[in-house]
Amino acid sequence: MFPVQTNRTQYIENRLYDVAHNPANQYCSDRCVNGESRKDVATVESTRVTVKTEELDPLLTSIRACRLCADHLPFGPRPVVQALGSARLLIIGQAPGTRVHETGIPWNDASGDRLRDWLQVDRDVFYDASRIAIVPMGFCYPGVDVRGGDKPPRPECAPEWHAQLLPYLGKVELTLLVGGYAQKFYLRRRGQRTLTETVHRWRDYAPEYLPLPHPSWRNTAWIRKNPWFSDVLCDLRDRVRPLVADAR
Ligand code: SF4
């Protein structure tokens, strides 16, 4: 436990631990998880600004030393996370892929190139932790499934670490929920039946959240099939621009 945390944050942390160690918690849907616990997950947001920014380093050191689910990681733990207390934009994605795992740099792949294009930011801005925090649902590469796709983020990771990390990000004004795992975890019952419906109703989650599909090449057909997504990108760019305009 970190001494800067409030009792409220500690309470949430304990409840999130319960969720993480509940075998039913596999990011599947609200009906899989005890409703009270999921409510607590959502209230992580309300605990921000309770701790001091300068005390973030010990937590990041602890995250980078984490081996909580090492037995499930075929290439071993290599947590990839970017955070500073001054960031005004938070990106919550899924989990590192192979190239991100190799380099230790978040979104350092074709998906990252597309995401930067969506945001209209270059690499210098994207990797400026004082402007943009990058906190995936799983910090380590989870390996591939039987069909060759990346496995889901490890279910232990976000419940274990997000409740500790997000209170340090008290200046965040907009959180991008990239992909279904982040949307289910943070929107809970506010999310729609499908990712498409959730993204289509992006205005419902303003001003704190903006749900996006994963920018993987696998979703190119989805983007073509949903031309209204260009409106989402226009709104996204309008909202991101002032948040990353300069470091504070
Ligand atoms: S995925 Fe998360 S919980 Fe698992 S070892 Fe990496 S940092 Fe720890």
# chains A, B, ... in the order shown; residues from 1 in each chain; ligands from 1
>>> residues_around(residues="Val199 of chain A", least_positions_apart="4", cutoff="10 Å", atoms="only C-alpha atoms", output="list in words")
Leu177, Val178, Gly179, Gly180, Gln183, Gly191, Gln192, Thr194, Leu195, Arg203, Asp204, Tyr205, Leu210, Pro211, Leu212, Pro213, Trp228, Phe229 and Val232 of chain A
>>> write_last_selection(atoms="C-alpha atoms", output="mmCIF file, in the first residue's frame")
data_model
loop_
_atom_site.group_PDB
_atom_site.id
_atom_site.type_symbol
_atom_site.label_atom_id
_atom_site.label_comp_id
_atom_site.auth_asym_id
_atom_site.auth_seq_id
_atom_site.Cartn_x
_atom_site.Cartn_y
_atom_site.Cartn_z
ATOM 1 C CA LEU A 177 -11.335 3.896 -24.019
ATOM 2 C CA VAL A 178 -9.726 2.058 -26.899
ATOM 3 C CA GLY A 179 -11.340 -1.308 -27.524
ATOM 4 C CA GLY A 180 -13.971 -3.396 -25.834
ATOM 5 C CA GLN A 183 -15.070 0.058 -22.398
ATOM 6 C CA GLY A 191 -21.891 0.604 -22.301
ATOM 7 C CA GLN A 192 -24.104 -0.630 -25.120
ATOM 8 C CA THR A 194 -21.832 -4.077 -28.804
ATOM 9 C CA LEU A 195 -18.671 -2.053 -29.304
ATOM 10 C CA ARG A 203 -21.463 11.644 -27.136
ATOM 11 C CA ASP A 204 -23.236 9.904 -24.223
ATOM 12 C CA TYR A 205 -19.914 9.451 -22.423
ATOM 13 C CA LEU A 210 -14.557 8.795 -25.486
ATOM 14 C CA PRO A 211 -14.873 5.158 -26.646
ATOM 15 C CA LEU A 212 -12.985 4.087 -29.758
ATOM 16 C CA PRO A 213 -12.503 0.827 -31.660
ATOM 17 C CA TRP A 228 -20.272 7.866 -39.156
ATOM 18 C CA PHE A 229 -16.954 7.104 -37.442
ATOM 19 C CA VAL A 232 -16.189 10.598 -33.999
#
>>> residues_near_ligand(ligand="ligand 1", cutoff="6 Å", atoms="only C-alpha atoms and all ligand atoms", output="PDB file with C-alpha atoms, in the first residue's frame")
ATOM      1  CA  ILE A  63       4.453  -1.721 -11.616  1.00  0.00           C
ATOM      2  CA  CYS A  66       5.258  -6.707 -11.125  1.00  0.00           C
ATOM      3  CA  ARG A  67       5.165 -10.474 -11.643  1.00  0.00           C
ATOM      4  CA  LEU A  68       1.587 -11.030 -10.497  1.00  0.00           C
ATOM      5  CA  CYS A  69       0.538 -13.071 -13.536  1.00  0.00           C
ATOM      6  CA  ALA A  70       3.997 -14.087 -14.758  1.00  0.00           C
ATOM      7  CA  PRO A  77       6.487  -9.751 -17.651  1.00  0.00           C
ATOM      8  CA  PRO A  79       4.989  -3.882 -18.116  1.00  0.00           C
ATOM      9  CA  GLY A 138      -2.963  -5.245 -19.327  1.00  0.00           C
ATOM     10  CA  PHE A 139       0.569  -3.897 -19.045  1.00  0.00           C
ATOM     11  CA  CYS A 140       2.339  -7.019 -20.386  1.00  0.00           C
ATOM     12  CA  ARG A 154      -4.602 -10.359 -18.280  1.00  0.00           C
ATOM     13  CA  GLU A 156      -5.464  -9.409 -12.909  1.00  0.00           C
ATOM     14  CA  CYS A 157      -3.753  -6.304 -14.223  1.00  0.00           C
TER      15      CYS A 157
END
>>> atom_distance(atom1="atom CA of Leu236 of chain A", atom2="atom CA of Phe126 of chain A")
14.7 Å
>>> select_by_dssp(residues="segment 98-171 of chain A", states="alpha helix (DSSP H)", output="NGL selection string")
:A and (98-103 or 110-119 or 123-126 or 157-165)
>>> write_last_selection(atoms="C-alpha atoms", output="PDB file, in the first residue's frame")
ATOM      1  CA  THR A  98       4.832  -8.328 -29.941  1.00  0.00           C
ATOM      2  CA  ARG A  99       6.549  -5.189 -31.215  1.00  0.00           C
ATOM      3  CA  VAL A 100       5.569  -3.179 -28.158  1.00  0.00           C
ATOM      4  CA  HIS A 101       6.800  -6.017 -25.946  1.00  0.00           C
ATOM      5  CA  GLU A 102      10.143  -6.108 -27.792  1.00  0.00           C
ATOM      6  CA  THR A 103      10.724  -2.364 -27.645  1.00  0.00           C
ATOM      7  CA  ALA A 110       0.999  -0.028 -36.998  1.00  0.00           C
ATOM      8  CA  SER A 111      -1.937   0.302 -34.611  1.00  0.00           C
ATOM      9  CA  GLY A 112      -0.106   3.125 -32.868  1.00  0.00           C
ATOM     10  CA  ASP A 113       0.505   4.846 -36.199  1.00  0.00           C
ATOM     11  CA  ARG A 114      -3.210   4.743 -36.921  1.00  0.00           C
ATOM     12  CA  LEU A 115      -4.096   5.931 -33.420  1.00  0.00           C
ATOM     13  CA  ARG A 116      -1.713   8.886 -33.787  1.00  0.00           C
ATOM     14  CA  ASP A 117      -3.355   9.666 -37.120  1.00  0.00           C
ATOM     15  CA  TRP A 118      -6.774   9.574 -35.454  1.00  0.00           C
ATOM     16  CA  LEU A 119      -5.503  11.959 -32.768  1.00  0.00           C
ATOM     17  CA  ARG A 123       5.355  10.742 -31.954  1.00  0.00           C
ATOM     18  CA  ASP A 124       6.997  13.553 -29.990  1.00  0.00           C
ATOM     19  CA  VAL A 125       3.673  14.615 -28.523  1.00  0.00           C
ATOM     20  CA  PHE A 126       2.348  11.077 -28.166  1.00  0.00           C
ATOM     21  CA  CYS A 157      -3.753  -6.304 -14.223  1.00  0.00           C
ATOM     22  CA  ALA A 158      -6.246  -3.433 -14.331  1.00  0.00           C
ATOM     23  CA  PRO A 159      -7.907  -4.323 -11.000  1.00  0.00           C
ATOM     24  CA  GLU A 160      -4.498  -4.571  -9.385  1.00  0.00           C
ATOM     25  CA  TRP A 161      -2.942  -1.397 -10.755  1.00  0.00           C
ATOM     26  CA  HIS A 162      -5.466   1.076 -12.156  1.00  0.00           C
ATOM     27  CA  ALA A 163      -6.933   1.964  -8.771  1.00  0.00           C
ATOM     28  CA  GLN A 164      -3.450   2.816  -7.551  1.00  0.00           C
ATOM     29  CA  LEU A 165      -2.300   4.663 -10.654  1.00  0.00           C
TER      30      LEU A 165
END
>>> closest_residue(among="A:Thr198, A:Thr61, A:Thr220, A:Gln94", to="Tyr181 of chain A", atoms="only C-alpha atoms")
A:Gln94
>>> atom_distance(atom1="atom CA of Tyr127 of chain A", atom2="atom CA of Tyr141 of chain A")
19.3 Å
>>> atom_distance(atom1="atom CA of Ile91 of chain A", atom2="atom CA of Ala182 of chain A")
9.7 Å
